[in-house]
>>> print(open('upload-v9.cif').read())   # mmCIF, C-alpha atoms
data_start
loop_
_atom_site.label_atom_id
_atom_site.label_comp_id
_atom_site.auth_asym_id
_atom_site.auth_seq_id
_atom_site.Cartn_x
_atom_site.Cartn_y
_atom_site.Cartn_z
CA MET U 1 0.00 0.00 0.00
CA GLY U 2 1.34 3.42 -0.93
CA VAL U 3 2.04 6.08 1.65
CA LEU U 4 -0.66 8.33 0.23
CA SER U 5 -3.34 5.70 0.78
CA LYS U 6 -2.06 5.16 4.32
CA ILE U 7 -2.43 8.88 4.98
CA PHE U 8 -5.91 8.78 3.46
CA THR U 9 -6.90 5.85 5.68
CA ALA U 10 -5.51 7.60 8.75
CA ILE U 11 -7.45 10.78 7.98
CA ARG U 12 -10.69 8.86 7.38
CA GLY U 13 -10.08 7.05 10.63
CA GLY U 14 -10.26 10.41 12.36
CA ALA U 15 -6.54 11.04 12.76
CA ARG U 16 -6.40 14.74 12.00
CA GLU U 17 -2.67 14.86 12.48
CA ALA U 18 -1.74 12.80 9.47
CA GLY U 19 1.96 13.28 9.99
CA GLU U 20 2.03 11.67 13.39
CA ALA U 21 -0.27 8.80 12.49
CA VAL U 22 1.48 7.67 9.35
CA VAL U 23 5.14 8.45 9.55
CA ASP U 24 6.54 5.78 11.82
CA ALA U 25 10.24 5.97 12.51
CA ASN U 26 10.96 3.03 10.22
CA ALA U 27 9.20 4.30 7.10
CA VAL U 28 12.03 6.53 5.95
CA ARG U 29 14.66 3.87 6.72
CA ILE U 30 12.72 1.19 4.83
CA PHE U 31 12.27 3.32 1.72
CA GLU U 32 15.89 4.40 1.76
CA GLN U 33 17.00 0.76 2.14
CA GLU U 34 14.78 -0.27 -0.77
CA ILE U 35 16.29 2.44 -2.92
CA VAL U 36 19.81 1.27 -2.03
CA ASP U 37 18.83 -2.34 -2.82
CA SER U 38 17.36 -1.38 -6.18
CA LYS U 39 20.47 0.60 -7.05
CA ASN U 40 22.61 -2.45 -6.21
CA HIS U 41 20.42 -4.63 -8.44
CA ILE U 42 20.88 -2.18 -11.27
CA LYS U 43 24.63 -2.12 -10.79
CA LYS U 44 24.86 -5.95 -10.86
CA ALA U 45 22.53 -6.19 -13.84
CA LYS U 46 24.62 -3.65 -15.74
CA ASP U 47 27.82 -5.59 -14.97
CA SER U 48 26.23 -8.80 -16.30
CA LEU U 49 24.89 -6.91 -19.28
CA THR U 50 28.39 -5.80 -20.29
CA THR U 51 29.68 -9.39 -20.04
CA VAL U 52 26.78 -10.90 -21.98
CA MET U 53 26.98 -8.26 -24.70
CA ALA U 54 30.67 -9.07 -25.13
CA GLU U 55 29.82 -12.79 -25.32
CA LYS U 56 27.21 -12.10 -27.97
CA MET U 57 29.69 -10.15 -30.07
CA GLN U 58 32.19 -12.98 -29.73
CA ALA U 59 29.55 -15.52 -30.79
CA ALA U 60 28.64 -13.36 -33.80
CA ARG U 61 32.28 -13.21 -34.85
CA LYS U 62 32.58 -17.01 -34.55
CA LEU U 63 29.39 -17.47 -36.58
CA ASP U 64 30.85 -15.36 -39.39
CA ALA U 65 34.11 -17.31 -39.30
CA ILE U 66 32.30 -20.68 -39.50
CA LYS U 67 30.09 -19.46 -42.35
CA ASN U 68 33.20 -18.36 -44.27
CA ASP U 69 34.80 -21.72 -43.55
CA ILE U 70 31.76 -23.56 -44.88
CA ALA U 71 31.66 -21.47 -48.07
CA GLU U 72 35.34 -22.06 -48.65
CA ASN U 73 35.03 -25.81 -48.16
CA GLU U 74 32.01 -25.99 -50.44
CA ASN U 75 34.24 -24.47 -53.15
CA TYR U 76 36.87 -27.11 -52.46
CA ALA U 77 34.32 -29.89 -52.67
CA ILE U 78 32.99 -28.65 -56.02
CA LYS U 79 36.52 -28.38 -57.40
CA ALA U 80 37.34 -31.92 -56.19
CA MET U 81 34.19 -33.25 -57.88
CA ASP U 82 35.11 -31.37 -61.08
CA LYS U 83 38.42 -33.19 -61.03
CA GLY U 84 36.56 -36.48 -60.53
CA ASP U 85 38.16 -37.06 -57.13
CA GLU U 86 35.12 -38.44 -55.31
CA THR U 87 37.14 -39.56 -52.25
CA LEU U 88 38.57 -36.09 -51.66
CA ALA U 89 35.13 -34.54 -52.27
CA LEU U 90 33.60 -36.84 -49.65
CA GLU U 91 36.32 -35.93 -47.14
CA VAL U 92 35.61 -32.23 -47.65
CA ALA U 93 31.86 -32.87 -47.38
CA GLU U 94 32.43 -34.54 -44.00
CA LYS U 95 34.35 -31.47 -42.84
CA ILE U 96 31.45 -29.28 -44.00
CA ALA U 97 28.99 -31.43 -42.07
CA SER U 98 30.97 -31.05 -38.86
CA LEU U 99 31.27 -27.28 -39.46
CA GLU U 100 27.50 -27.09 -39.80
CA VAL U 101 27.06 -28.79 -36.43
CA GLU U 102 29.43 -26.21 -34.94
CA LEU U 103 27.48 -23.46 -36.71
CA SER U 104 24.19 -24.48 -35.14
CA GLU U 105 25.85 -24.75 -31.70
CA GLN U 106 27.30 -21.26 -32.06
CA GLN U 107 23.95 -19.93 -33.29
CA GLN U 108 22.42 -21.34 -30.09
CA VAL U 109 25.03 -19.51 -27.96
CA HIS U 110 24.33 -16.29 -29.87
CA ASP U 111 20.56 -16.57 -29.45
CA ASN U 112 20.89 -17.34 -25.75
CA CYS U 113 23.01 -14.22 -25.29
CA ALA U 114 20.45 -12.12 -27.14
CA SER U 115 17.55 -13.28 -24.97
CA HIS U 116 19.66 -12.88 -21.82
CA ILE U 117 20.35 -9.26 -22.83
CA GLU U 118 16.65 -8.59 -23.28
CA LYS U 119 15.95 -10.00 -19.81
CA LEU U 120 18.69 -7.91 -18.17
CA LYS U 121 17.48 -4.76 -19.89
CA SER U 122 13.91 -5.22 -18.70
CA MET U 123 15.24 -6.00 -15.21
CA ILE U 124 17.15 -2.72 -15.16
CA GLN U 125 14.10 -0.88 -16.40
CA SER U 126 11.85 -2.24 -13.70
CA ALA U 127 14.48 -1.55 -11.00
CA GLU U 128 14.71 2.04 -12.21
CA ARG U 129 10.95 2.34 -12.06
CA GLN U 130 11.07 0.88 -8.55
CA ILE U 131 13.60 3.51 -7.51
CA SER U 132 11.57 6.43 -8.79
CA GLU U 133 8.44 5.00 -7.14
CA ASN U 134 10.28 4.59 -3.83
CA GLN U 135 11.68 8.08 -4.10
CA ARG U 136 8.20 9.46 -4.65
CA GLN U 137 6.90 7.61 -1.60
CA LEU U 138 9.93 8.69 0.41
CA ASN U 139 9.25 12.27 -0.60
CA ILE U 140 5.67 12.00 0.65
CA VAL U 141 6.88 10.64 3.98
CA LYS U 142 9.59 13.27 4.34
CA THR U 143 7.32 16.17 3.37
CA THR U 144 4.57 15.02 5.74
CA GLU U 145 7.09 14.67 8.52
CA SER U 146 8.76 17.98 7.75
CA VAL U 147 5.49 19.92 7.63
CA HIS U 148 4.45 18.33 10.89
CA LYS U 149 7.70 19.31 12.60
CA ALA U 150 7.74 22.76 11.00
CA THR U 151 4.20 23.41 12.24
CA SER U 152 5.21 22.35 15.74
CA ALA U 153 8.22 24.69 15.59
CA ILE U 154 5.98 27.57 14.42
CA ASN U 155 3.46 26.87 17.20
CA ASP U 156 6.18 26.68 19.87
CA ASN U 157 7.63 29.94 18.61
CA PHE U 158 4.20 31.53 18.72
CA MET U 159 3.63 30.41 22.30
CA SER U 160 7.07 31.50 23.52
CA SER U 161 6.83 34.93 21.89
CA GLY U 162 3.63 35.50 23.86
CA SER U 163 1.73 36.66 20.82
CA GLN U 164 -1.74 35.32 20.39
CA ILE U 165 -3.13 34.00 17.18
CA VAL U 166 -5.16 36.76 15.60
CA ASN U 167 -8.53 36.12 14.05
CA ALA U 168 -8.36 36.13 10.23
CA LYS U 169 -11.01 38.82 9.83
CA GLU U 170 -9.23 41.11 12.29
CA SER U 171 -5.96 40.58 10.44
CA LEU U 172 -7.64 41.49 7.19
CA GLU U 173 -9.13 44.64 8.70
CA ARG U 174 -5.75 45.79 10.01
CA ILE U 175 -4.04 45.11 6.69
CA GLN U 176 -6.74 46.92 4.75
CA LYS U 177 -6.70 49.86 7.14
CA ARG U 178 -2.95 50.19 6.67
CA GLN U 179 -3.33 49.94 2.92
CA GLN U 180 -5.99 52.67 3.02
CA MET U 181 -3.71 54.86 5.09
CA ARG U 182 -0.85 54.35 2.66
CA GLU U 183 -3.10 55.25 -0.24
CA ASP U 184 -4.34 58.37 1.59
CA LYS U 185 -0.79 59.44 2.28
CA LEU U 186 0.12 58.90 -1.33
CA LYS U 187 -2.86 60.98 -2.42
CA ALA U 188 -1.96 63.77 0.00
CA ALA U 189 1.60 63.78 -1.24
CA GLN U 190 0.35 64.03 -4.80
CA GLU U 191 -1.95 66.93 -3.96
CA LEU U 192 0.92 68.72 -2.25
CA LYS U 193 3.04 68.22 -5.31
CA SER U 194 0.40 69.63 -7.61
CA GLU U 195 0.10 72.71 -5.39
CA GLU U 196 3.82 73.25 -5.70
CA TYR U 197 3.40 72.91 -9.41
CA ASP U 198 0.96 75.88 -9.42
CA GLN U 199 3.36 78.14 -7.52
CA PRO U 200 4.96 80.01 -10.47
CA LEU U 201 1.56 81.02 -11.80
CA GLN U 202 0.52 82.35 -8.40
CA ASP U 203 3.73 84.34 -8.19
CA LYS U 204 3.02 85.98 -11.54
CA LEU U 205 -0.52 86.81 -10.49
CA LYS U 206 0.74 88.49 -7.32
CA GLU U 207 3.37 90.40 -9.22
CA ALA U 208 0.74 91.70 -11.57
CA GLY U 209 -1.27 92.85 -8.56
CA ILE U 210 -4.18 90.61 -9.53
CA MET U 211 -3.73 88.31 -6.58
CA ALA U 212 -3.21 89.71 -3.09
CA SER U 213 0.34 89.39 -1.94
CA ASP U 214 0.79 87.70 1.40
CA SER U 215 4.12 89.31 2.24
CA THR U 216 4.11 92.85 3.58
CA SER U 217 6.78 95.34 2.64
CA ALA U 218 8.27 98.09 4.87
CA ASN U 219 6.42 100.62 2.76
CA ASP U 220 3.11 98.93 3.49
CA VAL U 221 3.84 99.13 7.21
CA LEU U 222 4.70 102.84 7.04
CA GLU U 223 1.53 103.52 5.04
CA ARG U 224 -0.49 101.71 7.67
CA LEU U 225 1.16 103.60 10.56
CA LYS U 226 0.55 106.97 8.79
CA ALA U 227 -3.07 106.12 8.29
CA LYS U 228 -3.46 105.37 11.98
CA LYS U 229 -2.08 108.73 13.00
CA MET D 1 18.57 25.44 0.30
CA ASN D 2 20.08 27.16 3.33
CA LEU D 3 17.31 29.03 5.10
CA GLN D 4 19.69 31.34 6.94
CA ASP D 5 21.20 32.54 3.66
CA LEU D 6 17.73 32.91 2.25
CA GLY D 7 16.78 35.07 5.23
CA LEU D 8 19.81 37.31 4.73
CA HIS D 9 18.89 37.72 1.08
CA PHE D 10 15.35 38.68 2.00
CA THR D 11 16.30 41.34 4.55
CA ASP D 12 18.99 42.69 2.29
CA VAL D 13 16.82 43.85 -0.54
CA SER D 14 13.56 45.40 -1.47
CA LEU D 15 11.96 43.24 -4.14
CA GLU D 16 8.85 43.62 -6.27
CA GLY D 17 8.21 46.80 -4.29
CA TYR D 18 8.16 45.05 -0.92
CA LYS D 19 10.46 44.99 2.09
CA PHE D 20 10.84 41.91 4.26
CA GLU D 21 11.71 41.00 7.81
CA CYS D 22 12.98 37.52 8.55
CA GLN D 23 13.37 35.38 11.61
CA LEU D 24 14.81 31.87 11.72
CA ILE D 25 12.82 29.56 13.97
CA SER D 26 14.88 26.63 15.15
CA GLY D 27 13.41 23.27 16.01
CA GLU D 28 13.58 19.71 14.71
CA VAL D 29 12.99 21.32 11.34
CA GLU D 30 14.25 24.83 10.67
CA VAL D 31 11.61 27.33 9.61
CA LEU D 32 12.16 30.79 8.18
CA GLN D 33 9.47 33.29 9.07
CA VAL D 34 9.16 36.05 6.48
CA VAL D 35 7.09 39.11 7.27
CA ILE D 36 6.15 41.19 4.25
CA GLU D 37 5.85 44.92 4.85
CA GLY D 38 2.16 45.78 4.85
CA PHE D 39 1.09 42.18 5.49
CA GLU D 40 2.50 41.92 9.02
CA GLU D 41 -0.46 39.90 10.32
CA ILE D 42 0.12 37.08 7.86
CA PRO D 43 3.73 35.89 7.99
CA ILE D 44 4.97 33.35 5.45
CA TYR D 45 6.74 30.29 6.81
CA ILE D 46 9.40 28.59 4.69
CA SER D 47 10.80 25.11 5.30
CA ALA D 48 12.83 22.86 3.03
CA THR D 49 13.33 19.12 2.43
CA ASP D 50 15.77 17.39 0.06
CA MET D 51 13.37 17.89 -2.79
CA GLN D 52 11.22 20.95 -2.23
CA ILE D 53 10.87 24.32 -0.57
CA LEU D 54 7.52 24.73 1.10
CA CYS D 55 6.05 28.19 1.75
CA ILE D 56 2.97 28.31 3.98
CA ALA D 57 0.67 31.11 5.15
CA TYR D 58 -1.91 30.42 7.86
CA LEU D 59 -5.38 31.77 7.08
CA TRP D 60 -7.86 30.80 9.80
CA SER D 61 -8.55 28.02 12.26
CA GLU D 62 -11.40 25.54 12.16
CA ASP D 63 -13.28 27.31 14.97
CA GLU D 64 -13.35 30.58 13.00
CA VAL D 65 -15.52 28.91 10.34
CA LYS D 66 -19.29 29.34 10.59
CA ALA D 67 -20.45 25.75 10.98
CA GLU D 68 -23.45 26.18 8.67
CA SER D 69 -21.41 27.47 5.74
CA LYS D 70 -18.41 25.15 5.99
CA ALA D 71 -19.45 22.95 3.05
CA GLU D 72 -19.94 25.98 0.82
CA MET D 73 -16.60 27.41 1.92
CA LEU D 74 -14.82 24.17 1.03
CA GLU D 75 -16.51 24.18 -2.39
CA VAL D 76 -15.33 27.73 -3.03
CA MET D 77 -11.81 26.77 -1.96
CA MET D 78 -11.80 23.88 -4.43
CA ASP D 79 -13.04 26.16 -7.20
CA MET D 80 -10.45 28.81 -6.37
CA ASN D 81 -7.48 26.45 -6.22
CA ILE D 82 -6.58 26.61 -9.91
CA PRO D 83 -7.33 30.29 -10.61
CA MET D 84 -5.19 31.30 -7.61
CA PRO D 85 -1.68 31.82 -9.02
CA LEU D 86 1.17 29.66 -7.66
CA SER D 87 -0.61 28.77 -4.42
CA SER D 88 -3.08 26.15 -3.27
CA PHE D 89 -5.36 25.76 -0.27
CA SER D 90 -4.71 23.12 2.31
CA LYS D 91 -5.20 22.37 5.98
CA VAL D 92 -2.51 21.74 8.56
CA GLN D 93 -3.33 20.71 12.11
CA GLY D 94 -6.77 22.26 12.18
CA ARG D 95 -5.78 25.44 10.40
CA TYR D 96 -6.57 26.41 6.84
CA VAL D 97 -3.52 27.50 4.86
CA VAL D 98 -2.36 28.59 1.44
CA PHE D 99 0.92 27.11 0.34
CA GLY D 100 3.28 26.94 -2.58
CA ALA D 101 5.94 24.30 -3.22
CA LEU D 102 9.11 24.99 -5.21
CA SER D 103 11.99 22.79 -6.32
CA VAL D 104 15.06 23.08 -4.07
CA ASN D 105 16.93 24.22 -7.15
CA SER D 106 14.80 27.35 -7.51
CA ARG D 107 16.50 30.72 -7.82
CA PHE D 108 16.23 33.24 -5.01
CA GLU D 109 14.04 35.45 -7.22
CA ASP D 110 11.58 32.58 -7.62
CA VAL D 111 11.28 32.16 -3.85
CA VAL D 112 10.70 35.89 -3.41
CA HIS D 113 8.07 35.88 -6.12
CA GLU D 114 6.39 32.91 -4.44
CA VAL D 115 6.39 34.62 -1.03
CA VAL D 116 4.96 37.88 -2.38
CA THR D 117 2.30 36.04 -4.36
CA LEU D 118 1.44 33.98 -1.28
CA GLY D 119 1.03 37.14 0.81
CA GLU D 120 -1.25 38.74 -1.77
CA ASN D 121 -3.23 35.53 -2.24
CA SER D 122 -3.70 35.18 1.53
CA VAL D 123 -5.16 38.65 1.94
CA GLU D 124 -7.41 38.18 -1.05
CA SER D 125 -8.54 34.74 0.10
CA ILE D 126 -9.53 35.97 3.56
CA SER D 127 -11.33 38.88 1.92
CA ILE D 128 -13.27 36.55 -0.41
CA MET D 129 -14.03 33.99 2.28
CA SER D 130 -14.84 36.35 5.13
CA GLU D 131 -18.56 35.76 4.68
CA PHE D 132 -17.93 32.17 5.80
CA LEU D 133 -15.98 33.26 8.87
CA LYS D 134 -17.10 34.31 12.32
#
>>> encode(input="upload-v9.cif", output="structure tokens")
Amino acid sequence: MGVLSKIFTAIRGGAREAGEAVVDANAVRIFEQEIVDSKNHIKKAKDSLTTVMAEKMQAARKLDAIKNDIAENENYAIKAMDKGDETLALEVAEKIASLEVELSEQQQVHDNCASHIEKLKSMIQSAERQISENQRQLNIVKTTESVHKATSAINDNFMSSGSQIVNAKESLERIQKRQQMREDKLKAAQELKSEEYDQPLQDKLKEAGIMASDSTSANDVLERLKAKK
Amino acid sequence: MNLQDLGLHFTDVSLEGYKFECQLISGEVEVLQVVIEGFEEIPIYISATDMQILCIAYLWSEDEVKAESKAEMLEVMMDMNIPMPLSSFSKVQGRYVVFGALSVNSRFEDVVHEVVTLGENSVESISIMSEFLK
């Protein structure tokens, strides 16, 4: 049974804390051991594969040599018959017969090697699949365990810092309030900037006497004092 | 992935317009707490295994859910899972979470992008789901 289905079963069984319920101390060790075993299998299979492939090549070379030998001897036999030397032709024919026996033996060796290679290759393939499957399962176990431990660390930290867990709605309100304040500030800053932008025009208006000047000159003061007298 | 280095990276820079504050929480498994400026109430927690980096944000606990609308809430969460970029909903020890998983070979920029997206998704999720919450 896969780890995921174990977690599912644990959750259905009412175990809310899936991490604790499923990840027994041995799970990680078992998966890691299985991965090591599969890797060893692959290594051995690859060693054998190299040997068997070499054997197959050797057998193929021998097959070629025997076939050449047979062809050559067939030539000899024909030539002997052409010369009317039946005895010699028969001797050569016997040699050919024995070569043909050797040929079929060597063909057998070659075919055996070929099927052995196929078997080794599919063995390696399934071991590789096994490894990736185990790694996936291992990852589920490790992640579950890690999240569980991380959550505990976060909770402990929360407790020790004395802060209390804030209600989600309250958090949202605070965040939104701050965002609103930042936006307001930004708006105010922009308004201020646009006022500054208008300054030169206001200066011109004051200079032209259209807009009342807000600074008083010494002359203005004297005028005012004289008027009071 | 060394979480301490990751934390230094985070505090060192301002990325995607955000600033970060990090704290390494030690325990049986190391956890990096990343606080995104502006999203202080929803920290992102990062942990790593041999294979993946896991970023988690806690949304709400089981007892914050209105009992009568739980089924509907779960339906909405299922429907939202794919449209929500880079993150998925889950539940850890009685608390609803959004999480994202990255390969351990991810670049630092990818982790930052994940964290920022997670922060934004969290706020949006709570906002969408608040009708189901007490």
>>> atom_distance(input="upload-v9.cif", atom1="atom CA of Ala77 of chain U", atom2="atom CA of Ala89 of chain U")
4.7 Å
>>> closest_residue(input="upload-v9.cif", among="D:Met73, D:Val115, D:Cys22, D:Val104", to="Asp50 of chain D", atoms="all atoms listed in the file")
D:Val104
>>> atom_distance(input="upload-v9.cif", atom1="atom CA of Ser90 of chain D", atom2="atom CA of Tyr18 of chain D")
25.6 Å
>>> interface_residues(input="upload-v9.cif", of="chain D", to="chain U", cutoff="10 Å", atoms="only C-alpha atoms", output="count of residues only")
45
>>> residues_around(input="upload-v9.cif", residues="Phe31 of chain U", least_positions_apart="4", cutoff="10 Å", atoms="all atoms listed in the file", output="list in words")
Asn26, Ala27, Ile35, Val36, Asp37, Ile131, Glu133, Asn134, Gln135, Arg136, Gln137, Leu138, Asn139 and Val141 of chain U
>>> resolve_selection(input="upload-v9.cif", expression="the PyMOL selection byres ((chain U and resi 116-130) around 8)", output="number ranges by chain")
U: 35, 38-39, 41-42, 45-46, 48-49, 52-53, 112-115, 131-134
>>> atom_distance(input="upload-v9.cif", atom1="atom CA of Glu102 of chain U", atom2="atom CA of Ile66 of chain U")
7.7 Å
>>> residues_around(input="upload-v9.cif", residues="Val92 of chain U", least_positions_apart="6", cutoff="9 Å", atoms="only C-alpha atoms", output="count of residues only")
5
>>> closest_residue(input="upload-v9.cif", among="D:Leu74, D:Met84, D:Val112, D:Val98", to="Gly7 of chain D", atoms="all atoms listed in the file")
D:Val112
>>> closest_residue(input="upload-v9.cif", among="D:Phe132, D:Leu3, D:Gly119, D:Gly100", to="Ser87 of chain D", atoms="all atoms listed in the file")
D:Gly100
>>> decode(input="upload-v9.cif", residues="segment 40-50 of chain D", atoms="all heavy atoms", output="PDB file, in the first residue's frame")
ATOM      1  N   GLU D  40       1.870  42.405   7.789  1.00  0.00           N
ATOM      2  CA  GLU D  40       2.497  41.922   9.020  1.00  0.00           C
ATOM      3  C   GLU D  40       1.698  40.833   9.730  1.00  0.00           C
ATOM      4  O   GLU D  40       2.265  39.977  10.397  1.00  0.00           O
ATOM      5  CB  GLU D  40       2.732  43.088   9.993  1.00  0.00           C
ATOM      6  CG  GLU D  40       3.918  43.983   9.641  1.00  0.00           C
ATOM      7  CD  GLU D  40       3.594  45.010   8.560  1.00  0.00           C
ATOM      8  OE1 GLU D  40       2.476  44.977   8.016  1.00  0.00           O
ATOM      9  OE2 GLU D  40       4.464  45.851   8.264  1.00  0.00           O
ATOM     10  N   GLU D  41       0.365  40.879   9.603  1.00  0.00           N
ATOM     11  CA  GLU D  41      -0.456  39.905  10.322  1.00  0.00           C
ATOM     12  C   GLU D  41      -0.381  38.507   9.730  1.00  0.00           C
ATOM     13  O   GLU D  41      -0.771  37.539  10.365  1.00  0.00           O
ATOM     14  CB  GLU D  41      -1.930  40.351  10.330  1.00  0.00           C
ATOM     15  CG  GLU D  41      -2.219  41.456  11.310  1.00  0.00           C
ATOM     16  CD  GLU D  41      -1.743  42.818  10.823  1.00  0.00           C
ATOM     17  OE1 GLU D  41      -1.329  42.917   9.648  1.00  0.00           O
ATOM     18  OE2 GLU D  41      -1.773  43.776  11.607  1.00  0.00           O
ATOM     19  N   ILE D  42       0.075  38.399   8.502  1.00  0.00           N
ATOM     20  CA  ILE D  42       0.120  37.081   7.863  1.00  0.00           C
ATOM     21  C   ILE D  42       1.553  36.746   7.428  1.00  0.00           C
ATOM     22  O   ILE D  42       1.923  36.961   6.268  1.00  0.00           O
ATOM     23  CB  ILE D  42      -0.835  37.025   6.646  1.00  0.00           C
ATOM     24  CG1 ILE D  42      -2.234  37.472   7.079  1.00  0.00           C
ATOM     25  CG2 ILE D  42      -0.899  35.618   6.072  1.00  0.00           C
ATOM     26  CD1 ILE D  42      -3.184  37.679   5.934  1.00  0.00           C
ATOM     27  N   PRO D  43       2.357  36.238   8.359  1.00  0.00           N
ATOM     28  CA  PRO D  43       3.725  35.888   7.985  1.00  0.00           C
ATOM     29  C   PRO D  43       3.749  34.643   7.088  1.00  0.00           C
ATOM     30  O   PRO D  43       2.821  33.839   7.134  1.00  0.00           O
ATOM     31  CB  PRO D  43       4.408  35.577   9.325  1.00  0.00           C
ATOM     32  CG  PRO D  43       3.363  35.633  10.368  1.00  0.00           C
ATOM     33  CD  PRO D  43       2.041  35.879   9.743  1.00  0.00           C
ATOM     34  N   ILE D  44       4.788  34.535   6.295  1.00  0.00           N
ATOM     35  CA  ILE D  44       4.968  33.355   5.452  1.00  0.00           C
ATOM     36  C   ILE D  44       6.044  32.487   6.108  1.00  0.00           C
ATOM     37  O   ILE D  44       7.077  32.993   6.534  1.00  0.00           O
ATOM     38  CB  ILE D  44       5.448  33.745   4.035  1.00  0.00           C
ATOM     39  CG1 ILE D  44       4.605  34.879   3.450  1.00  0.00           C
ATOM     40  CG2 ILE D  44       5.481  32.539   3.111  1.00  0.00           C
ATOM     41  CD1 ILE D  44       3.171  34.560   3.162  1.00  0.00           C
ATOM     42  N   TYR D  45       5.776  31.203   6.193  1.00  0.00           N
ATOM     43  CA  TYR D  45       6.738  30.290   6.807  1.00  0.00           C
ATOM     44  C   TYR D  45       7.363  29.400   5.728  1.00  0.00           C
ATOM     45  O   TYR D  45       6.657  28.770   4.946  1.00  0.00           O
ATOM     46  CB  TYR D  45       6.049  29.427   7.860  1.00  0.00           C
ATOM     47  CG  TYR D  45       5.557  30.246   9.031  1.00  0.00           C
ATOM     48  CD1 TYR D  45       4.220  30.629   9.118  1.00  0.00           C
ATOM     49  CD2 TYR D  45       6.429  30.647  10.030  1.00  0.00           C
ATOM     50  CE1 TYR D  45       3.764  31.391  10.184  1.00  0.00           C
ATOM     51  CE2 TYR D  45       5.982  31.416  11.103  1.00  0.00           C
ATOM     52  CZ  TYR D  45       4.655  31.783  11.173  1.00  0.00           C
ATOM     53  OH  TYR D  45       4.214  32.542  12.224  1.00  0.00           O
ATOM     54  N   ILE D  46       8.697  29.372   5.709  1.00  0.00           N
ATOM     55  CA  ILE D  46       9.396  28.592   4.691  1.00  0.00           C
ATOM     56  C   ILE D  46      10.169  27.459   5.347  1.00  0.00           C
ATOM     57  O   ILE D  46      10.911  27.670   6.314  1.00  0.00           O
ATOM     58  CB  ILE D  46      10.386  29.478   3.898  1.00  0.00           C
ATOM     59  CG1 ILE D  46       9.654  30.680   3.296  1.00  0.00           C
ATOM     60  CG2 ILE D  46      11.078  28.670   2.815  1.00  0.00           C
ATOM     61  CD1 ILE D  46      10.558  31.652   2.566  1.00  0.00           C
ATOM     62  N   SER D  47       9.974  26.240   4.848  1.00  0.00           N
ATOM     63  CA  SER D  47      10.795  25.106   5.297  1.00  0.00           C
ATOM     64  C   SER D  47      11.241  24.350   4.052  1.00  0.00           C
ATOM     65  O   SER D  47      10.658  24.488   2.982  1.00  0.00           O
ATOM     66  CB  SER D  47      10.010  24.208   6.241  1.00  0.00           C
ATOM     67  OG  SER D  47       8.877  23.689   5.590  1.00  0.00           O
ATOM     68  N   ALA D  48      12.291  23.541   4.208  1.00  0.00           N
ATOM     69  CA  ALA D  48      12.827  22.857   3.031  1.00  0.00           C
ATOM     70  C   ALA D  48      13.144  21.393   3.338  1.00  0.00           C
ATOM     71  O   ALA D  48      13.572  21.060   4.439  1.00  0.00           O
ATOM     72  CB  ALA D  48      14.088  23.560   2.545  1.00  0.00           C
ATOM     73  N   THR D  49      12.865  20.510   2.353  1.00  0.00           N
ATOM     74  CA  THR D  49      13.331  19.120   2.433  1.00  0.00           C
ATOM     75  C   THR D  49      14.348  18.922   1.311  1.00  0.00           C
ATOM     76  O   THR D  49      14.718  19.880   0.646  1.00  0.00           O
ATOM     77  CB  THR D  49      12.170  18.121   2.250  1.00  0.00           C
ATOM     78  OG1 THR D  49      11.563  18.357   0.986  1.00  0.00           O
ATOM     79  CG2 THR D  49      11.129  18.276   3.336  1.00  0.00           C
ATOM     80  N   ASP D  50      14.778  17.659   1.105  1.00  0.00           N
ATOM     81  CA  ASP D  50      15.770  17.388   0.056  1.00  0.00           C
ATOM     82  C   ASP D  50      15.247  17.799  -1.313  1.00  0.00           C
ATOM     83  O   ASP D  50      16.012  18.103  -2.213  1.00  0.00           O
ATOM     84  CB  ASP D  50      16.082  15.880  -0.032  1.00  0.00           C
ATOM     85  CG  ASP D  50      16.457  15.308   1.306  1.00  0.00           C
ATOM     86  OD1 ASP D  50      16.771  16.116   2.201  1.00  0.00           O
ATOM     87  OD2 ASP D  50      16.438  14.079   1.447  1.00  0.00           O
TER      88      ASP D  50
END
